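Undergrad: Provided herewith is a single structure, encoded as C-alpha coordinates, for subsequent inquiry.
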Amino acid sequence: MTFPPVLYEDNHLIAVNKRVSDIVQGDKTGDLSLDKIMKAYLKEKYSKPGNVFLGVIHRLDRPVSGVVLFARTGKALARMNEQFKSRETKKVYWAIVRNRPPEEEGHLVHYMIRNREKNKSYAYSRERAGSKKAELKYRVVGSSSKYWFLEIRLMTGRHHQIRAQLAAIGCPVRGDLKYGYPRSDPGGGIHLHARELHFNHPVGGREIKIIADPPVDELWSIFLSTCS
(Lines give C-alpha, C1' and ligand atoms only; values in the text may rest on other atoms or scores of the structure.)
Protein backbone atom coordinates (compact mmCIF):
# COMPACT_ATOMS: atom_id res chain seq x y z
CA MET A 1 0.00 0.00 0.00
CA THR A 2 1.35 3.43 -0.96
CA PHE A 3 0.44 6.49 1.08
CA PRO A 4 -0.24 9.96 -0.34
CA PRO A 5 2.00 12.84 0.77
CA VAL A 6 1.16 14.07 4.29
CA LEU A 7 0.90 17.87 4.34
CA TYR A 8 0.07 18.42 8.02
CA GLU A 9 -0.18 16.19 11.07
CA ASP A 10 -0.70 16.62 14.81
CA ASN A 11 -2.63 14.81 17.54
CA HIS A 12 -5.98 16.13 16.28
CA LEU A 13 -5.74 16.40 12.49
CA ILE A 14 -4.00 14.99 9.46
CA ALA A 15 -4.04 16.47 5.95
CA VAL A 16 -2.86 14.79 2.76
CA ASN A 17 -2.39 15.66 -0.90
CA LYS A 18 -5.02 13.49 -2.54
CA ARG A 19 -4.12 11.74 -5.78
CA VAL A 20 -6.56 11.76 -8.68
CA SER A 21 -7.12 8.03 -8.37
CA ASP A 22 -8.13 8.17 -4.69
CA ILE A 23 -11.71 8.08 -3.48
CA VAL A 24 -12.03 9.84 -0.12
CA GLN A 25 -14.63 7.52 1.39
CA GLY A 26 -15.86 4.07 0.38
CA ASP A 27 -18.67 3.79 -2.17
CA LYS A 28 -20.39 1.20 -4.36
CA THR A 29 -17.20 0.62 -6.38
CA GLY A 30 -15.66 -1.17 -3.41
CA ASP A 31 -12.28 0.41 -4.18
CA LEU A 32 -9.88 1.02 -1.33
CA SER A 33 -10.70 4.48 0.02
CA LEU A 34 -8.40 7.25 1.22
CA ASP A 35 -9.75 7.17 4.78
CA LYS A 36 -8.86 3.48 5.06
CA ILE A 37 -5.43 4.12 3.54
CA MET A 38 -4.75 6.81 6.12
CA LYS A 39 -5.99 4.61 8.97
CA ALA A 40 -3.40 2.07 7.85
CA TYR A 41 -0.77 4.82 7.76
CA LEU A 42 -1.52 5.89 11.36
CA LYS A 43 -1.67 2.31 12.58
CA GLU A 44 1.72 1.55 11.03
CA LYS A 45 3.43 4.82 12.02
CA TYR A 46 2.35 4.73 15.67
CA SER A 47 2.11 0.93 16.10
CA LYS A 48 -1.46 1.32 17.26
CA PRO A 49 -3.29 -1.82 18.42
CA GLY A 50 -6.93 -2.28 17.46
CA ASN A 51 -8.99 0.15 15.42
CA VAL A 52 -7.74 3.62 14.51
CA PHE A 53 -10.16 6.56 14.64
CA LEU A 54 -10.19 8.78 11.56
CA GLY A 55 -13.08 11.12 10.79
CA VAL A 56 -13.93 12.31 7.28
CA ILE A 57 -14.43 16.10 7.45
CA HIS A 58 -14.93 16.89 3.76
CA ARG A 59 -14.50 15.26 0.36
CA LEU A 60 -13.05 15.88 -3.06
CA ASP A 61 -14.40 14.32 -6.25
CA ARG A 62 -12.42 11.27 -7.31
CA PRO A 63 -10.81 12.89 -10.40
CA VAL A 64 -9.79 15.98 -8.38
CA SER A 65 -6.44 16.26 -6.59
CA GLY A 66 -5.36 18.33 -3.61
CA VAL A 67 -5.81 19.02 0.10
CA VAL A 68 -7.99 16.64 2.10
CA LEU A 69 -8.26 17.06 5.87
CA PHE A 70 -9.16 14.28 8.32
CA ALA A 71 -9.84 14.38 12.06
CA ARG A 72 -7.93 12.12 14.44
CA THR A 73 -10.30 12.65 17.38
CA GLY A 74 -14.05 12.91 17.83
CA LYS A 75 -13.70 16.41 19.30
CA ALA A 76 -11.72 17.62 16.28
CA LEU A 77 -14.26 16.06 13.90
CA ALA A 78 -17.23 17.80 15.56
CA ARG A 79 -15.50 21.19 15.65
CA MET A 80 -14.22 20.99 12.08
CA ASN A 81 -17.62 19.87 10.83
CA GLU A 82 -19.07 23.02 12.39
CA GLN A 83 -16.44 25.22 10.72
CA PHE A 84 -17.18 23.75 7.31
CA LYS A 85 -20.94 23.99 7.87
CA SER A 86 -20.74 27.64 8.92
CA ARG A 87 -18.34 28.44 6.04
CA GLU A 88 -15.57 29.65 8.31
CA THR A 89 -12.99 27.83 6.23
CA LYS A 90 -11.42 29.20 3.05
CA LYS A 91 -10.83 26.99 0.03
CA VAL A 92 -8.71 27.90 -2.98
CA TYR A 93 -8.71 25.75 -6.13
CA TRP A 94 -6.75 25.82 -9.35
CA ALA A 95 -8.34 24.87 -12.66
CA ILE A 96 -7.13 24.61 -16.24
CA VAL A 97 -9.71 25.29 -18.97
CA ARG A 98 -9.42 25.46 -22.75
CA ASN A 99 -11.83 28.33 -23.41
CA ARG A 100 -11.16 31.88 -22.26
CA PRO A 101 -13.54 32.98 -19.48
CA PRO A 102 -15.83 35.93 -20.30
CA GLU A 103 -13.98 38.18 -17.81
CA GLU A 104 -10.53 38.27 -16.22
CA GLU A 105 -12.22 38.13 -12.82
CA GLY A 106 -15.74 36.95 -12.15
CA HIS A 107 -18.28 36.21 -9.45
CA LEU A 108 -20.46 33.30 -10.53
CA VAL A 109 -23.88 32.75 -9.00
CA HIS A 110 -25.97 29.77 -10.08
CA TYR A 111 -28.78 27.63 -8.75
CA MET A 112 -27.82 23.98 -8.75
CA ILE A 113 -29.83 20.79 -8.88
CA ARG A 114 -28.19 17.43 -8.22
CA ASN A 115 -29.16 14.31 -10.13
CA ARG A 116 -28.08 11.45 -7.86
CA GLU A 117 -28.78 8.73 -10.44
CA LYS A 118 -26.36 10.32 -12.92
CA ASN A 119 -24.04 11.64 -10.17
CA LYS A 120 -24.13 15.02 -11.87
CA SER A 121 -25.20 18.55 -10.97
CA TYR A 122 -26.78 21.16 -13.21
CA ALA A 123 -26.20 24.91 -12.83
CA TYR A 124 -29.00 27.31 -13.78
CA SER A 125 -28.97 31.09 -13.97
CA ARG A 126 -32.31 31.35 -12.16
CA GLU A 127 -33.72 29.68 -9.09
CA ARG A 128 -35.71 26.49 -9.68
CA ALA A 129 -37.72 24.18 -7.46
CA GLY A 130 -35.31 22.15 -5.33
CA SER A 131 -32.24 24.13 -6.38
CA LYS A 132 -29.48 25.40 -4.07
CA LYS A 133 -27.58 28.63 -4.51
CA ALA A 134 -23.93 28.23 -5.53
CA GLU A 135 -21.31 30.97 -5.54
CA LEU A 136 -17.65 31.19 -6.43
CA LYS A 137 -15.14 33.81 -7.46
CA TYR A 138 -12.48 33.21 -10.08
CA ARG A 139 -9.61 35.12 -11.62
CA VAL A 140 -7.41 34.34 -14.59
CA VAL A 141 -3.83 33.99 -13.33
CA GLY A 142 -2.15 32.94 -16.57
CA SER A 143 -2.41 31.13 -19.88
CA SER A 144 -0.52 28.92 -22.30
CA SER A 145 -0.89 28.57 -26.06
CA LYS A 146 -4.11 26.56 -25.63
CA TYR A 147 -5.28 26.87 -22.02
CA TRP A 148 -6.31 29.35 -19.36
CA PHE A 149 -5.30 29.04 -15.73
CA LEU A 150 -7.85 29.99 -13.09
CA GLU A 151 -7.68 30.52 -9.34
CA ILE A 152 -11.04 29.85 -7.71
CA ARG A 153 -12.35 30.74 -4.28
CA LEU A 154 -15.38 28.75 -3.20
CA MET A 155 -18.10 30.59 -1.30
CA THR A 156 -20.46 27.62 -1.06
CA GLY A 157 -19.87 23.88 -1.16
CA ARG A 158 -22.25 22.20 -3.59
CA HIS A 159 -21.90 18.84 -5.33
CA HIS A 160 -19.55 19.22 -8.34
CA GLN A 161 -19.91 22.97 -7.95
CA ILE A 162 -16.77 24.22 -9.67
CA ARG A 163 -17.08 21.72 -12.48
CA ALA A 164 -20.74 22.57 -13.18
CA GLN A 165 -20.37 26.34 -12.82
CA LEU A 166 -17.34 26.57 -15.11
CA ALA A 167 -19.12 24.39 -17.67
CA ALA A 168 -22.13 26.72 -17.45
CA ILE A 169 -19.99 29.66 -18.66
CA GLY A 170 -18.49 27.59 -21.47
CA CYS A 171 -15.23 26.72 -19.68
CA PRO A 172 -15.30 23.02 -18.72
CA VAL A 173 -12.25 21.80 -16.83
CA ARG A 174 -9.66 20.02 -18.97
CA GLY A 175 -10.37 16.28 -19.03
CA ASP A 176 -13.86 16.57 -17.50
CA LEU A 177 -15.96 14.51 -19.89
CA LYS A 178 -18.96 14.59 -17.54
CA TYR A 179 -19.19 18.36 -17.88
CA GLY A 180 -18.51 18.79 -21.55
CA TYR A 181 -14.78 18.58 -22.15
CA PRO A 182 -14.22 16.59 -25.39
CA ARG A 183 -11.39 14.33 -24.19
CA SER A 184 -10.47 12.67 -20.93
CA ASP A 185 -7.11 13.02 -19.21
CA PRO A 186 -4.81 9.99 -18.93
CA GLY A 187 -5.45 8.18 -15.67
CA GLY A 188 -9.01 9.42 -15.30
CA GLY A 189 -8.17 12.68 -13.54
CA ILE A 190 -9.19 16.23 -14.44
CA HIS A 191 -7.21 19.47 -14.18
CA LEU A 192 -8.90 20.70 -11.02
CA HIS A 193 -6.81 20.90 -7.86
CA ALA A 194 -7.60 21.87 -4.27
CA ARG A 195 -4.61 24.16 -3.76
CA GLU A 196 -5.21 25.72 -0.32
CA LEU A 197 -7.29 25.12 2.79
CA HIS A 198 -7.45 27.73 5.57
CA PHE A 199 -9.14 27.07 8.92
CA ASN A 200 -8.84 27.60 12.66
CA HIS A 201 -7.37 24.70 14.60
CA PRO A 202 -10.12 22.86 16.52
CA VAL A 203 -8.01 22.89 19.71
CA GLY A 204 -6.46 26.26 20.46
CA GLY A 205 -7.94 28.14 17.51
CA ARG A 206 -4.74 29.15 15.72
CA GLU A 207 -5.03 29.78 12.01
CA ILE A 208 -3.79 26.92 9.83
CA LYS A 209 -2.98 27.21 6.12
CA ILE A 210 -2.31 24.06 4.13
CA ILE A 211 -0.97 24.17 0.56
CA ALA A 212 -0.77 21.23 -1.85
CA ASP A 213 1.23 21.11 -5.07
CA PRO A 214 -0.65 19.84 -8.13
CA PRO A 215 0.20 16.53 -9.85
CA VAL A 216 3.37 16.43 -11.91
CA ASP A 217 2.59 17.10 -15.56
CA GLU A 218 3.49 19.67 -18.20
CA LEU A 219 0.41 21.88 -17.84
CA TRP A 220 0.56 22.04 -14.05
CA SER A 221 4.26 22.89 -14.33
CA ILE A 222 3.40 25.84 -16.57
CA PHE A 223 0.70 26.90 -14.11
CA LEU A 224 3.17 26.75 -11.19
CA SER A 225 5.76 28.81 -13.08
CA THR A 226 3.08 31.36 -13.96
CA CYS A 227 1.99 31.74 -10.33
CA SER A 228 5.47 31.81 -8.79
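Following the order of the C-alpha coordinates, chains are lettered A, B, ..., residues in each are numbered from 1, and ligands are numbered from 1.
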Neighbouring residues of stretch 60-74 of chain A were defined as those with any atom within 9 Å, considering only C-alpha atoms; residues of the same chain fewer than 3 positions away were excluded. Please report them as a ChimeraX atom specification.

TA: /A:7-8,10-24,35,38,52-57,77-80,93,159-160,176,187-197,210-215

Undergrad: Excluding A:Ser125 and residues on its chain fewer than 6 positions from it, collect all residues at most 8 Å away from it, counting only C-alpha atoms, and give them as a PyMOL selection string.

TA: chain A and resi 109-111

Undergrad: Just asking: which residues within stretch 23-135 of chain A are strand (DSSP E) according to DSSP, as a CSV table (one decimal) with N, CA and C atoms, in the first residue's frame?

TA:
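Now in states-v6.csv:
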```csv
chain,number,residue,atom,x,y,z
A,55,GLY,N,-11.8,10.6,11.2
A,55,GLY,CA,-13.1,11.1,10.8
A,55,GLY,C,-13.0,11.9,9.5
A,56,VAL,N,-13.9,11.6,8.6
A,56,VAL,CA,-13.9,12.3,7.3
A,56,VAL,C,-14.6,13.7,7.5
A,65,SER,N,-7.6,16.4,-7.5
A,65,SER,CA,-6.4,16.3,-6.6
A,65,SER,C,-6.4,17.4,-5.6
A,66,GLY,N,-5.6,17.2,-4.5
A,66,GLY,CA,-5.4,18.3,-3.6
A,66,GLY,C,-5.6,18.0,-2.1
A,67,VAL,N,-5.7,19.1,-1.4
A,67,VAL,CA,-5.8,19.0,0.1
A,67,VAL,C,-7.1,18.3,0.6
A,68,VAL,N,-6.9,17.3,1.4
A,68,VAL,CA,-8.0,16.6,2.1
A,68,VAL,C,-7.6,16.6,3.6
A,69,LEU,N,-8.5,17.0,4.4
A,69,LEU,CA,-8.3,17.1,5.9
A,69,LEU,C,-9.1,16.0,6.6
A,70,PHE,N,-8.5,15.3,7.5
A,70,PHE,CA,-9.2,14.3,8.3
A,70,PHE,C,-9.0,14.6,9.8
A,71,ALA,N,-9.9,14.2,10.6
A,71,ALA,CA,-9.8,14.4,12.1
A,71,ALA,C,-9.3,13.1,12.7
A,90,LYS,N,-11.6,28.6,4.4
A,90,LYS,CA,-11.4,29.2,3.1
A,90,LYS,C,-10.8,28.2,2.2
A,91,LYS,N,-11.3,28.0,1.0
A,91,LYS,CA,-10.8,27.0,0.0
A,91,LYS,C,-10.4,27.7,-1.3
A,92,VAL,N,-9.2,27.4,-1.7
A,92,VAL,CA,-8.7,27.9,-3.0
A,92,VAL,C,-8.4,26.7,-3.9
A,93,TYR,N,-8.9,26.8,-5.1
A,93,TYR,CA,-8.7,25.8,-6.1
A,93,TYR,C,-8.0,26.3,-7.3
A,94,TRP,N,-7.3,25.5,-8.0
A,94,TRP,CA,-6.7,25.8,-9.4
A,94,TRP,C,-7.5,25.0,-10.4
A,95,ALA,N,-7.7,25.6,-11.6
A,95,ALA,CA,-8.3,24.9,-12.7
A,95,ALA,C,-7.7,25.3,-14.0
A,96,ILE,N,-7.6,24.3,-14.9
A,96,ILE,CA,-7.1,24.6,-16.2
A,96,ILE,C,-8.3,24.4,-17.2
A,97,VAL,N,-8.6,25.4,-18.0
A,97,VAL,CA,-9.7,25.3,-19.0
A,97,VAL,C,-9.2,25.7,-20.4
A,105,GLU,N,-11.8,38.5,-14.2
A,105,GLU,CA,-12.2,38.1,-12.8
A,105,GLU,C,-13.7,38.1,-12.8
A,106,GLY,N,-14.3,37.1,-12.1
A,106,GLY,CA,-15.7,36.9,-12.1
A,106,GLY,C,-16.3,36.4,-10.9
A,107,HIS,N,-17.5,36.7,-10.6
A,107,HIS,CA,-18.3,36.2,-9.4
A,107,HIS,C,-19.5,35.5,-10.0
A,108,LEU,N,-19.4,34.1,-9.9
A,108,LEU,CA,-20.5,33.3,-10.5
A,108,LEU,C,-21.5,32.9,-9.5
A,109,VAL,N,-22.8,33.1,-9.9
A,109,VAL,CA,-23.9,32.8,-9.0
A,109,VAL,C,-24.8,31.9,-9.8
A,110,HIS,N,-25.0,30.7,-9.4
A,110,HIS,CA,-26.0,29.8,-10.1
A,110,HIS,C,-26.9,29.1,-9.1
A,111,TYR,N,-27.9,28.4,-9.6
A,111,TYR,CA,-28.8,27.6,-8.8
A,111,TYR,C,-28.7,26.2,-9.2
A,112,MET,N,-28.2,25.3,-8.3
A,112,MET,CA,-27.8,24.0,-8.7
A,112,MET,C,-28.8,22.9,-8.3
A,113,ILE,N,-29.0,22.0,-9.2
A,113,ILE,CA,-29.8,20.8,-8.9
A,113,ILE,C,-29.0,19.5,-9.1
A,114,ARG,N,-29.0,18.7,-8.1
A,114,ARG,CA,-28.2,17.4,-8.2
A,114,ARG,C,-29.0,16.3,-8.7
A,115,ASN,N,-28.5,15.5,-9.7
A,115,ASN,CA,-29.2,14.3,-10.1
A,115,ASN,C,-28.3,13.1,-9.6
A,120,LYS,N,-24.5,13.8,-11.1
A,120,LYS,CA,-24.1,15.0,-11.9
A,120,LYS,C,-25.0,16.2,-11.4
A,121,SER,N,-24.4,17.4,-11.4
A,121,SER,CA,-25.2,18.5,-11.0
A,121,SER,C,-25.4,19.5,-12.2
A,122,TYR,N,-26.5,20.2,-12.1
A,122,TYR,CA,-26.8,21.2,-13.2
A,122,TYR,C,-26.9,22.6,-12.6
A,123,ALA,N,-26.2,23.5,-13.3
A,123,ALA,CA,-26.2,24.9,-12.8
A,123,ALA,C,-27.1,25.8,-13.7
A,124,TYR,N,-28.0,26.5,-13.1
A,124,TYR,CA,-29.0,27.3,-13.8
A,124,TYR,C,-28.8,28.8,-13.3
A,132,LYS,N,-30.2,24.8,-5.1
A,132,LYS,CA,-29.5,25.4,-4.1
A,132,LYS,C,-28.5,26.4,-4.7
A,133,LYS,N,-28.4,27.5,-4.0
A,133,LYS,CA,-27.6,28.6,-4.5
A,133,LYS,C,-26.1,28.2,-4.4
A,134,ALA,N,-25.4,28.5,-5.5
A,134,ALA,CA,-23.9,28.2,-5.5
A,134,ALA,C,-23.2,29.5,-6.0
A,135,GLU,N,-22.1,29.8,-5.2
A,135,GLU,CA,-21.3,31.0,-5.5
A,135,GLU,C,-19.8,30.6,-5.5
```

Undergrad: Could you please determine the separation between atom CA of A:Arg59 and atom CA of A:Arg183 in Å, to one decimal place?

TA: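 These two atoms are separated by 24.8 Å.
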
Undergrad: A:Gly157, A:Lys178, A:Ala164, A:Ser144: which is nearest A:Trp220, counting only C-alpha atoms?

TA: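 Going through A:Gly157, A:Lys178, A:Ala164, A:Ser144 one by one, the smallest distance to A:Trp220 is for A:Ser144.
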
Undergrad: In Å, rounded to a single decimal, give me how far atom CA of A:Asn200 is from atom CA of A:Lys85.

TA: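 According to the coordinates, atom CA of A:Lys85 and atom CA of A:Asn200 are separated by 13.5 Å.
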
Undergrad: Using only C-alpha atoms for the distances, tell me which of A:Arg128, A:His198, A:Arg206, A:Arg116 is nearest to A:Phe84.

TA: A:His198

Undergrad: Go through A:Leu177, A:Ile37, A:Leu224, A:Leu42 one by one, measure the shortest atom-to-atom distance of each to A:Gly142 using only C-alpha atoms, and give the residue with the smallest value.

TA: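 Going through A:Leu177, A:Ile37, A:Leu224, A:Leu42 one by one, the smallest distance to A:Gly142 is for A:Leu224.
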
Undergrad: Rounded to one decimal place, report the atom CA of A:Ala40-atom CA of A:Pro4 distance in Å.

TA: 11.8 Å
